[in-house]
Amino acid sequence: MAKIGIADTTFARFDMGKAAIDELKKNCSAQIVRYTVPGIKDLPVACKKLFDEQHCDIVMALGMPGSKPVDKTCAHEASMGIIICQLMVNKHIIEVFVHEDEAPNERELAALMDRRAREHALNVVKLLFKPKMLEKEAGTGQRQGYEDVGPARI
Ligand code: RDL
Ligand code: RDL
Ligand code: RDL
């Protein structure tokens with residue numbers, strides 16, 4: 001049976017891991033393993049352990065970079081670590097980051113975090129079980145959490 005890893009953080013201001021797991025359970029029967037760490041810089045090794053020790057086929061890394069410059073640097077470093085991990089294990093990590101300053105208020109931030117986590121969970125299901133569906137969506141301007149922007153027209 002396919003195994004999906006969920007790495008998330010206590011720093012985030014919304015339970016993105018819970019939202020992702022709920023969406024995955026509604027859309028596939030894969031086994032799910034969760035590993036929560038303090039912050040986004042702890043995600044790369046959490047992901048690697050989910051692959052090496054839990055034998056996951058794919059992992060979602062969910063987190064919330066804060067709004068300060070130091071948090072943006074932190075997010076870039078975390079992303080680099082997540083990409084290095086993917087190259088080390090030759091498996092996908094779907095990075096689901098919502099920057100705290102993407103939304104104008106707490107309500108919209110929570111809604112964005114919920115929606116982006118769920119939409120990327122559906123991308124995970126497609127990557128694992130229905131890769132042809134992604135091919136059909138190629139070039140269509142998909143976004144997660146926001147409305148899709150759609151294709152540019154000549
Ligand atoms: O290893 C412990 C911490 O260093 C680690 O959890 C960091 O990711 C925590 N952290 C920061 O130190 C920071 O300056 C985080 C942020 N900013 C951030 O914006 N989002 C996080 N963690 O999830
Ligand atoms: O792993 C899932 C996503 O994190 C990954 O697909 C990213 O490449 C998606 N993405 C961003 O998160 C972003 O902030 C993209 C852009 N910006 C972008 O400008 N162009 C993209 N993806 O193709
Ligand atoms: O043009 C508006 C947004 O698409 C743009 O601000 C993106 O960079 C927002 N974004 C992130 O910052 C991010 O870390 C997105 C993702 N991740 C993502 O996974 N999917 C998105 N946007 O559609």
# chains A, B, ... in the order shown; residues from 1 in each chain; ligands from 1
$ residues_near_ligand --ligand "ligand 3" --cutoff "6 Å" --atoms "only C-alpha atoms and all ligand atoms" --output "VMD selection string"
chain A and resid 96 to 99 143 to 144
$ residues_near_ligand --ligand "ligand 2" --cutoff "10 Å" --atoms "only C-alpha atoms and all ligand atoms" --output "count of residues only"
25
$ residues_around --residues "Val45 in chain A" --least-positions-apart "5" --cutoff "9 Å" --atoms "only C-alpha atoms" --output "tab-separated table (two decimals) with all heavy atoms, in the first residue's frame"
chain	number	residue	atom	x	y	z
A	50	LEU	N	11.04	10.48	7.23
A	50	LEU	CA	9.79	9.84	6.76
A	50	LEU	C	10.08	8.91	5.57
A	50	LEU	O	9.43	7.87	5.42
A	50	LEU	CB	8.75	10.91	6.38
A	50	LEU	CG	8.06	11.57	7.58
A	50	LEU	CD1	7.34	12.86	7.17
A	50	LEU	CD2	7.07	10.60	8.25
A	81	GLY	N	16.71	23.09	1.69
A	81	GLY	CA	16.87	21.80	2.37
A	81	GLY	C	15.88	20.77	1.85
A	81	GLY	O	16.20	19.60	1.65
A	82	ILE	N	14.64	21.22	1.62
A	82	ILE	CA	13.59	20.32	1.12
A	82	ILE	C	13.95	19.83	-0.29
A	82	ILE	O	13.78	18.66	-0.62
A	82	ILE	CB	12.22	21.04	1.18
A	82	ILE	CG1	11.76	21.14	2.63
A	82	ILE	CG2	11.18	20.30	0.33
A	82	ILE	CD1	10.57	22.07	2.85
A	85	CYS	N	16.79	17.30	-0.04
A	85	CYS	CA	16.27	16.01	0.41
A	85	CYS	C	15.63	15.25	-0.76
A	85	CYS	O	15.86	14.05	-0.93
A	85	CYS	CB	15.26	16.21	1.54
A	85	CYS	SG	14.51	14.67	2.08
$ closest_residue --among "A:Glu147, A:Asp52, A:Asp42, A:Asp8" --to "ligand 1" --atoms "only C-alpha atoms and all ligand atoms"
A:Asp42
$ residues_near_ligand --ligand "ligand 1" --cutoff "9 Å" --atoms "only C-alpha atoms and all ligand atoms" --output "NGL selection string"
:A and (8-12 or 37-43 or 62-75 or 78 or 99-100)
$ write_last_selection --atoms "N, CA, C and O atoms" --output "mmCIF file, in the first residue's frame"
data_model
loop_
_atom_site.group_PDB
_atom_site.id
_atom_site.type_symbol
_atom_site.label_atom_id
_atom_site.label_comp_id
_atom_site.auth_asym_id
_atom_site.auth_seq_id
_atom_site.Cartn_x
_atom_site.Cartn_y
_atom_site.Cartn_z
ATOM 1 N N ASP A 8 4.879 18.630 9.409
ATOM 2 C CA ASP A 8 4.323 19.968 9.650
ATOM 3 C C ASP A 8 4.934 20.580 10.898
ATOM 4 O O ASP A 8 5.814 19.981 11.509
ATOM 5 N N THR A 9 4.516 21.790 11.218
ATOM 6 C CA THR A 9 5.199 22.556 12.277
ATOM 7 C C THR A 9 4.252 23.095 13.344
ATOM 8 O O THR A 9 3.062 23.320 13.084
ATOM 9 N N THR A 10 4.834 23.338 14.520
ATOM 10 C CA THR A 10 4.057 23.999 15.578
ATOM 11 C C THR A 10 4.088 25.518 15.410
ATOM 12 O O THR A 10 3.282 26.229 15.993
ATOM 13 N N PHE A 11 5.036 26.040 14.603
ATOM 14 C CA PHE A 11 5.151 27.491 14.365
ATOM 15 C C PHE A 11 3.939 28.016 13.586
ATOM 16 O O PHE A 11 3.479 29.139 13.799
ATOM 17 N N ALA A 12 3.414 27.197 12.689
ATOM 18 C CA ALA A 12 2.295 27.614 11.837
ATOM 19 C C ALA A 12 1.080 27.992 12.676
ATOM 20 O O ALA A 12 0.851 27.425 13.754
ATOM 21 N N VAL A 37 7.224 18.967 13.721
ATOM 22 C CA VAL A 37 8.472 19.542 14.230
ATOM 23 C C VAL A 37 8.219 21.010 14.613
ATOM 24 O O VAL A 37 7.161 21.563 14.279
ATOM 25 N N PRO A 38 9.167 21.669 15.306
ATOM 26 C CA PRO A 38 8.912 23.058 15.722
ATOM 27 C C PRO A 38 8.706 24.039 14.558
ATOM 28 O O PRO A 38 7.741 24.802 14.548
ATOM 29 N N GLY A 39 9.645 24.048 13.582
ATOM 30 C CA GLY A 39 9.537 25.067 12.526
ATOM 31 C C GLY A 39 10.013 24.557 11.181
ATOM 32 O O GLY A 39 10.481 23.416 11.044
ATOM 33 N N ILE A 40 9.900 25.432 10.179
ATOM 34 C CA ILE A 40 10.168 25.014 8.789
ATOM 35 C C ILE A 40 11.610 24.543 8.551
ATOM 36 O O ILE A 40 11.840 23.718 7.683
ATOM 37 N N LYS A 41 12.573 25.073 9.325
ATOM 38 C CA LYS A 41 13.952 24.622 9.106
ATOM 39 C C LYS A 41 14.159 23.186 9.600
ATOM 40 O O LYS A 41 15.171 22.559 9.295
ATOM 41 N N ASP A 42 13.213 22.687 10.377
ATOM 42 C CA ASP A 42 13.274 21.298 10.848
ATOM 43 C C ASP A 42 12.593 20.335 9.870
ATOM 44 O O ASP A 42 12.641 19.109 10.064
ATOM 45 N N LEU A 43 11.960 20.890 8.833
ATOM 46 C CA LEU A 43 11.214 20.033 7.900
ATOM 47 C C LEU A 43 12.103 19.127 7.026
ATOM 48 O O LEU A 43 11.734 17.969 6.795
ATOM 49 N N LEU A 62 4.578 20.959 5.232
ATOM 50 C CA LEU A 62 3.657 22.088 5.410
ATOM 51 C C LEU A 62 4.190 23.049 6.459
ATOM 52 O O LEU A 62 4.593 22.625 7.546
ATOM 53 N N GLY A 63 4.189 24.345 6.118
ATOM 54 C CA GLY A 63 4.675 25.301 7.090
ATOM 55 C C GLY A 63 4.295 26.732 6.758
ATOM 56 O O GLY A 63 3.815 27.025 5.661
ATOM 57 N N MET A 64 4.519 27.597 7.751
ATOM 58 C CA MET A 64 4.176 29.014 7.581
ATOM 59 C C MET A 64 5.373 29.904 7.868
ATOM 60 O O MET A 64 5.705 30.156 9.027
ATOM 61 N N PRO A 65 6.045 30.413 6.812
ATOM 62 C CA PRO A 65 7.054 31.431 7.039
ATOM 63 C C PRO A 65 6.379 32.691 7.594
ATOM 64 O O PRO A 65 5.326 33.110 7.097
ATOM 65 N N GLY A 66 6.989 33.295 8.617
ATOM 66 C CA GLY A 66 6.448 34.528 9.174
ATOM 67 C C GLY A 66 6.636 35.696 8.218
ATOM 68 O O GLY A 66 7.084 35.519 7.082
ATOM 69 N N SER A 67 6.312 36.904 8.687
ATOM 70 C CA SER A 67 6.300 38.062 7.784
ATOM 71 C C SER A 67 7.594 38.885 7.817
ATOM 72 O O SER A 67 7.799 39.745 6.977
ATOM 73 N N LYS A 68 8.476 38.630 8.778
ATOM 74 C CA LYS A 68 9.705 39.435 8.908
ATOM 75 C C LYS A 68 10.774 38.976 7.910
ATOM 76 O O LYS A 68 10.766 37.813 7.486
ATOM 77 N N PRO A 69 11.720 39.876 7.569
ATOM 78 C CA PRO A 69 12.808 39.473 6.657
ATOM 79 C C PRO A 69 13.525 38.199 7.119
ATOM 80 O O PRO A 69 13.851 37.346 6.296
ATOM 81 N N VAL A 70 13.739 38.053 8.432
ATOM 82 C CA VAL A 70 14.447 36.863 8.924
ATOM 83 C C VAL A 70 13.649 35.592 8.597
ATOM 84 O O VAL A 70 14.225 34.531 8.311
ATOM 85 N N ASP A 71 12.326 35.709 8.602
ATOM 86 C CA ASP A 71 11.478 34.548 8.290
ATOM 87 C C ASP A 71 11.545 34.191 6.797
ATOM 88 O O ASP A 71 11.465 33.019 6.431
ATOM 89 N N LYS A 72 11.672 35.202 5.964
ATOM 90 C CA LYS A 72 11.784 34.970 4.506
ATOM 91 C C LYS A 72 13.099 34.237 4.204
ATOM 92 O O LYS A 72 13.130 33.326 3.363
ATOM 93 N N THR A 73 14.169 34.658 4.909
ATOM 94 C CA THR A 73 15.454 33.963 4.751
ATOM 95 C C THR A 73 15.317 32.518 5.211
ATOM 96 O O THR A 73 15.773 31.577 4.542
ATOM 97 N N CYS A 74 14.670 32.359 6.341
ATOM 98 C CA CYS A 74 14.431 31.044 6.923
ATOM 99 C C CYS A 74 13.667 30.152 5.925
ATOM 100 O O CYS A 74 13.992 28.978 5.724
ATOM 101 N N ALA A 75 12.662 30.736 5.256
ATOM 102 C CA ALA A 75 11.845 29.981 4.293
ATOM 103 C C ALA A 75 12.686 29.541 3.098
ATOM 104 O O ALA A 75 12.567 28.411 2.619
ATOM 105 N N ALA A 78 14.860 26.728 4.260
ATOM 106 C CA ALA A 78 14.057 25.500 4.424
ATOM 107 C C ALA A 78 13.742 24.882 3.061
ATOM 108 O O ALA A 78 13.859 23.666 2.875
ATOM 109 N N HIS A 99 2.939 32.030 3.355
ATOM 110 C CA HIS A 99 3.601 33.133 4.058
ATOM 111 C C HIS A 99 2.550 33.906 4.851
ATOM 112 O O HIS A 99 1.465 34.196 4.336
ATOM 113 N N GLU A 100 2.906 34.240 6.099
ATOM 114 C CA GLU A 100 1.932 34.890 6.995
ATOM 115 C C GLU A 100 1.378 36.181 6.390
ATOM 116 O O GLU A 100 0.228 36.540 6.629
#
$ closest_residue --among "A:Val89, A:Leu127, A:Leu112, A:Leu24" --to "Lys49 in chain A" --atoms "only C-alpha atoms"
A:Val89
$ atom_distance --atom1 "CA of Gly17 in chain A" --atom2 "CA of Gln86 in chain A"
19.5 Å
$ select_by_dssp --residues "range 52-102 of chain A" --states "strand (DSSP E)" --output "list in words"
Ile58, Val59, Met60, Ala61, Leu62, Gly63, Ile93, Ile94, Glu95, Val96 and Phe97 of chain A
$ write_last_selection --atoms "all heavy atoms" --output "compact mmCIF listing (two decimals), in the first residue's frame"
# COMPACT_ATOMS: atom_id res chain seq x y z
N ILE A 58 5.93 9.43 -0.85
CA ILE A 58 5.88 10.88 -1.13
C ILE A 58 5.63 11.57 0.22
O ILE A 58 5.05 10.96 1.13
CB ILE A 58 4.76 11.19 -2.16
CG1 ILE A 58 4.84 12.62 -2.69
CG2 ILE A 58 3.38 10.89 -1.60
CD1 ILE A 58 3.99 12.85 -3.95
N VAL A 59 6.09 12.80 0.34
CA VAL A 59 5.89 13.53 1.60
C VAL A 59 5.35 14.92 1.30
O VAL A 59 5.71 15.54 0.29
CB VAL A 59 7.22 13.63 2.40
CG1 VAL A 59 7.11 14.60 3.57
CG2 VAL A 59 7.68 12.26 2.90
N MET A 60 4.47 15.42 2.16
CA MET A 60 4.04 16.82 2.12
C MET A 60 4.76 17.54 3.26
O MET A 60 4.76 17.06 4.39
CB MET A 60 2.53 16.95 2.33
CG MET A 60 1.71 16.36 1.20
SD MET A 60 -0.07 16.56 1.49
CE MET A 60 -0.28 18.30 1.05
N ALA A 61 5.39 18.69 2.95
CA ALA A 61 6.06 19.51 3.96
C ALA A 61 5.25 20.79 4.10
O ALA A 61 5.22 21.62 3.18
CB ALA A 61 7.48 19.81 3.54
N LEU A 62 4.58 20.96 5.23
CA LEU A 62 3.66 22.09 5.41
C LEU A 62 4.19 23.05 6.46
O LEU A 62 4.59 22.63 7.55
CB LEU A 62 2.29 21.56 5.84
CG LEU A 62 1.68 20.48 4.94
CD1 LEU A 62 1.54 19.17 5.71
CD2 LEU A 62 0.34 20.90 4.38
N GLY A 63 4.19 24.34 6.12
CA GLY A 63 4.67 25.30 7.09
C GLY A 63 4.29 26.73 6.76
O GLY A 63 3.81 27.03 5.66
N ILE A 93 8.76 15.76 -2.63
CA ILE A 93 8.20 16.41 -1.43
C ILE A 93 7.37 17.57 -1.96
O ILE A 93 7.88 18.43 -2.69
CB ILE A 93 9.30 16.97 -0.50
CG1 ILE A 93 10.19 15.84 0.02
CG2 ILE A 93 8.67 17.74 0.66
CD1 ILE A 93 11.45 16.35 0.74
N ILE A 94 6.09 17.57 -1.64
CA ILE A 94 5.26 18.70 -2.03
C ILE A 94 5.33 19.72 -0.89
O ILE A 94 4.86 19.46 0.22
CB ILE A 94 3.81 18.23 -2.32
CG1 ILE A 94 3.79 17.35 -3.58
CG2 ILE A 94 2.88 19.42 -2.50
CD1 ILE A 94 4.33 18.03 -4.83
N GLU A 95 5.98 20.84 -1.20
CA GLU A 95 6.17 21.90 -0.20
C GLU A 95 4.94 22.79 -0.18
O GLU A 95 4.57 23.37 -1.20
CB GLU A 95 7.41 22.72 -0.55
CG GLU A 95 7.69 23.83 0.45
CD GLU A 95 8.57 24.91 -0.16
OE1 GLU A 95 9.79 24.73 -0.16
OE2 GLU A 95 8.02 25.93 -0.60
N VAL A 96 4.30 22.85 0.98
CA VAL A 96 3.10 23.69 1.12
C VAL A 96 3.40 24.78 2.13
O VAL A 96 3.24 24.60 3.33
CB VAL A 96 1.88 22.85 1.58
CG1 VAL A 96 0.61 23.70 1.49
CG2 VAL A 96 1.75 21.57 0.78
N PHE A 97 3.88 25.90 1.62
CA PHE A 97 4.17 27.05 2.48
C PHE A 97 3.11 28.12 2.24
O PHE A 97 2.75 28.41 1.10
CB PHE A 97 5.54 27.64 2.15
CG PHE A 97 6.72 26.88 2.72
CD1 PHE A 97 6.55 25.69 3.41
CD2 PHE A 97 8.01 27.38 2.59
CE1 PHE A 97 7.64 24.99 3.94
CE2 PHE A 97 9.10 26.70 3.12
CZ PHE A 97 8.93 25.50 3.79
$ closest_residue --among "A:Lys48, A:Arg34, A:Arg118, A:Arg107" --to "Ala19 in chain A" --atoms "only C-alpha atoms"
A:Arg118
$ select_by_dssp --residues "chain A" --states "helix (DSSP H, G or I)" --output "ChimeraX atom specification"
/A:16-27,40-52,69-89,100-102,106-129,131-136
$ atom_distance --atom1 "CA of Lys130 in chain A" --atom2 "CA of Ala110 in chain A"
28.8 Å
$ atom_distance --atom1 "CA of Met88 in chain A" --atom2 "CA of Thr36 in chain A"
21.3 Å
$ closest_residue --among "A:Pro131, A:Gly150, A:Gly145, A:Gly5" --to "Glu53 in chain A" --atoms "only C-alpha atoms"
A:Gly5
$ closest_residue --among "A:Asp114, A:Glu137, A:Asp148, A:Glu77" --to "Glu23 in chain A" --atoms "only C-alpha atoms"
A:Asp114
$ closest_residue --among "A:Leu87, A:Phe14, A:Lys3, A:Ala20" --to "Gln54 in chain A" --atoms "only C-alpha atoms"
A:Lys3
